[in-house]
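Asker: The structure under discussion is supplied below as structure tokens; questions concerning it will follow.
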Amino acid sequence: MKICVLPGDGIGPEIMAEAVRVLQALDLKFELEEALLGGAAVDASGDPYPEATRKLARAADAVLLGAVGGPKWDSLPREQRPERGLLGIRKDLGLFANLRPAILYPELANASTLKPEIVAGLDILIVRELTGDIYFGQPRGIENRNGERYGFNTMHYTESEIRRIGRVAFEAARKRNKRLCSVDKMNVLETTQLWRDVMTELAPEYPDVELSHMLVDNAAMQLVRAPKQFDVMVTGNMFGDILSDEASMLTGSIGMLPSASLDANNKGLYEPSHGSAPDIAGKGVANPLATILSAAMMLRYTFNREDAASRIEDAVKKVLAQGYRTGDIFEPGATKVGTKQMGDAVLAAL
Ligand code: IPM
Ligand code: MG
């Protein structure tokens, strides 16, 4: 099991250290190799996704990533921004299927800004297309036209791109509660009319899954009105970016949510759904659980080790039940811990 470890920027190195300790505590044979991505890579080489990292990432079975970005690099030209490294590795490895579960742990019901009865028992999976859409569409840019600045991007999808993410979503729904909601903006955007058409064409192949469609603005509203109506949601790159952040807050903290980005052969990049949190970087207070849970997803999806994945997830549930909380999920009466102590607690629970 060859794993390329990319700690990244901000809190990335701190949370990654805990995930690596958890992996090493399992009696499995991993080959871990570390490389640079994002701002750390820009500082070292001027390139947010350097050749050395590309080589390691391509040769590995899976990539485990912390987070990238920070104010230090915000004024650099677009090609040198840390985010470009993240988009670059997703595209380079063909990671078109992004799985973002939003699960509310019962112990954290009060950490959500929504009423507990709205979110209790919440378990949603957002399937986001990750290598197409307006994120990668050409032409794009900012130019001078007719004496003023003109900004433009291009939204596009081919039917095969839609079909392959659709299949991932139908398969995922099949393993869960068999309900799939496809999210688009077909009342305005042709690209997403095609999205809806292709999803509808796929449905007969999955007669056991109930397919529904929802416009993205309504989906954003329904997520905070009655989120438990959803089982699996599937959508394009940009809508998925926005809806997955929204869904994460239903669970109390984005600091709890792992993600998997998979290619057609289940090679994957695993990363917490949250960012690099520069405001708390280096302080030892960040929540490492999303990264630890991302390592569990890696064991499940790339290495087919359901046993080891559940062991980690059970350990996380146990530390929550024991009352350990980092600042982002703290509530009165709980035991406040830092990043490393949270890692210690998970190791003890393992
Ligand atoms: C995410 C992030 C990235 C994205 C950024 C950092 C480029 O927001 O993974 O959701 O927009 O995909
Ligand atoms: Mg995002």
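Residue names in the structure tokens use chain letters A, B, ... in the order shown, residue numbers from 1 in each chain, and ligand numbers from 1 in the order shown.
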Show me which residues line ligand 1, defined as having an atom within 8 Å of a ligand atom where only C-alpha atoms and all ligand atoms count, and present them as a PDB file with N, CA and C atoms, in the first residue's frame.
Answerer:
ATOM      1  N   VAL A  68      -4.328  23.028   1.429  1.00  0.00           N
ATOM      2  CA  VAL A  68      -3.410  23.980   0.796  1.00  0.00           C
ATOM      3  C   VAL A  68      -3.964  25.395   0.841  1.00  0.00           C
ATOM      4  N   GLY A  69      -3.068  26.369   0.748  1.00  0.00           N
ATOM      5  CA  GLY A  69      -3.448  27.768   0.611  1.00  0.00           C
ATOM      6  C   GLY A  69      -3.190  28.582   1.865  1.00  0.00           C
ATOM      7  N   GLU A  83      -4.022  26.860  -4.721  1.00  0.00           N
ATOM      8  CA  GLU A  83      -5.231  26.186  -5.203  1.00  0.00           C
ATOM      9  C   GLU A  83      -5.000  25.543  -6.564  1.00  0.00           C
ATOM     10  N   ARG A  84      -4.117  26.167  -7.349  1.00  0.00           N
ATOM     11  CA  ARG A  84      -3.819  25.621  -8.667  1.00  0.00           C
ATOM     12  C   ARG A  84      -3.139  24.255  -8.537  1.00  0.00           C
ATOM     13  N   LEU A  86      -3.811  22.089  -6.183  1.00  0.00           N
ATOM     14  CA  LEU A  86      -4.879  21.143  -5.853  1.00  0.00           C
ATOM     15  C   LEU A  86      -5.673  20.781  -7.108  1.00  0.00           C
ATOM     16  N   LEU A  87      -6.055  21.798  -7.880  1.00  0.00           N
ATOM     17  CA  LEU A  87      -6.799  21.527  -9.116  1.00  0.00           C
ATOM     18  C   LEU A  87      -5.929  20.724 -10.080  1.00  0.00           C
ATOM     19  N   LEU A 130     -15.502  16.424 -10.362  1.00  0.00           N
ATOM     20  CA  LEU A 130     -14.351  17.196  -9.875  1.00  0.00           C
ATOM     21  C   LEU A 130     -13.335  17.625 -10.934  1.00  0.00           C
ATOM     22  N   ASN A 237     -19.183  20.330 -10.704  1.00  0.00           N
ATOM     23  CA  ASN A 237     -18.043  20.778  -9.921  1.00  0.00           C
ATOM     24  C   ASN A 237     -18.357  22.034  -9.095  1.00  0.00           C
ATOM     25  N   MET A 238     -18.915  23.051  -9.735  1.00  0.00           N
ATOM     26  CA  MET A 238     -19.113  24.307  -9.011  1.00  0.00           C
ATOM     27  C   MET A 238     -20.262  24.216  -8.010  1.00  0.00           C
ATOM     28  N   GLY A 240     -21.321  21.625  -6.625  1.00  0.00           N
ATOM     29  CA  GLY A 240     -20.887  20.683  -5.588  1.00  0.00           C
ATOM     30  C   GLY A 240     -19.956  21.334  -4.583  1.00  0.00           C
ATOM     31  N   ASP A 241     -19.131  22.243  -5.065  1.00  0.00           N
ATOM     32  CA  ASP A 241     -18.238  22.982  -4.171  1.00  0.00           C
ATOM     33  C   ASP A 241     -19.065  23.728  -3.125  1.00  0.00           C
ATOM     34  N   ILE A 242     -20.092  24.413  -3.617  1.00  0.00           N
ATOM     35  CA  ILE A 242     -20.895  25.272  -2.741  1.00  0.00           C
ATOM     36  C   ILE A 242     -21.786  24.428  -1.818  1.00  0.00           C
ATOM     37  N   SER A 244     -21.474  21.382  -0.851  1.00  0.00           N
ATOM     38  CA  SER A 244     -20.792  20.535   0.135  1.00  0.00           C
ATOM     39  C   SER A 244     -20.316  21.355   1.332  1.00  0.00           C
ATOM     40  N   ASP A 245     -19.951  22.606   1.127  1.00  0.00           N
ATOM     41  CA  ASP A 245     -19.644  23.452   2.290  1.00  0.00           C
ATOM     42  C   ASP A 245     -20.906  23.682   3.117  1.00  0.00           C
ATOM     43  N   SER A 273     -12.485  17.941   4.119  1.00  0.00           N
ATOM     44  CA  SER A 273     -13.252  18.891   3.297  1.00  0.00           C
ATOM     45  C   SER A 273     -12.908  20.337   3.632  1.00  0.00           C
ATOM     46  N   HIS A 274     -12.256  20.546   4.769  1.00  0.00           N
ATOM     47  CA  HIS A 274     -11.963  21.926   5.178  1.00  0.00           C
ATOM     48  C   HIS A 274     -10.666  22.430   4.551  1.00  0.00           C
ATOM     49  N   GLY A 275     -10.396  23.689   4.760  1.00  0.00           N
ATOM     50  CA  GLY A 275      -9.201  24.310   4.195  1.00  0.00           C
ATOM     51  C   GLY A 275      -8.032  24.339   5.172  1.00  0.00           C
TER      52      GLY A 275
END
Asker: When you count only C-alpha atoms and all ligand atoms, which of these residues is closest to ligand 2: A:Lys72, A:Arg300, A:Arg100, A:Lys115?
Answerer: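 Comparing A:Lys72, A:Arg300, A:Arg100, A:Lys115 against ligand 2, the winner is A:Arg100.
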Asker: Between A:Leu243, A:Tyr157, A:Lys178, A:Ile118, single out the one closest to ligand 2, counting only C-alpha atoms and all ligand atoms.
Answerer: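 Looking at the shortest contact to ligand 2, the residue is A:Leu243.
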Asker: When distances are computed from only C-alpha atoms, which of A:Ala41, A:Ala109, A:Leu28, A:Leu93 shows the smallest separation from A:Lys55?
Answerer: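 Among the listed residues, A:Leu93 lies closest to A:Lys55.
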Asker: Pick from A:Gly166, A:Ile329, A:Tyr135, A:Lys340: nearest to ligand 2, with only C-alpha atoms and all ligand atoms counted?
Answerer: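 Closest residue, counting only C-alpha atoms and all ligand atoms: A:Tyr135.
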Asker: Write out as a ChimeraX atom specification each polymer residue whose atoms come within 9 Å of A:Thr192, counting only C-alpha atoms; drop sequence neighbours fewer than 6 positions from it.
Answerer: /A:156-157,183-186,236
Asker: Any idea what's packed within 12 Å of A:Glu313, counting only C-alpha atoms, ignoring anything in its chain fewer than 4 positions away? Could you give it as a PyMOL selection string?
Answerer: chain A and resi 22+103+105+256-258+289-297+299-300+306-309+317-320+346-347+349-350
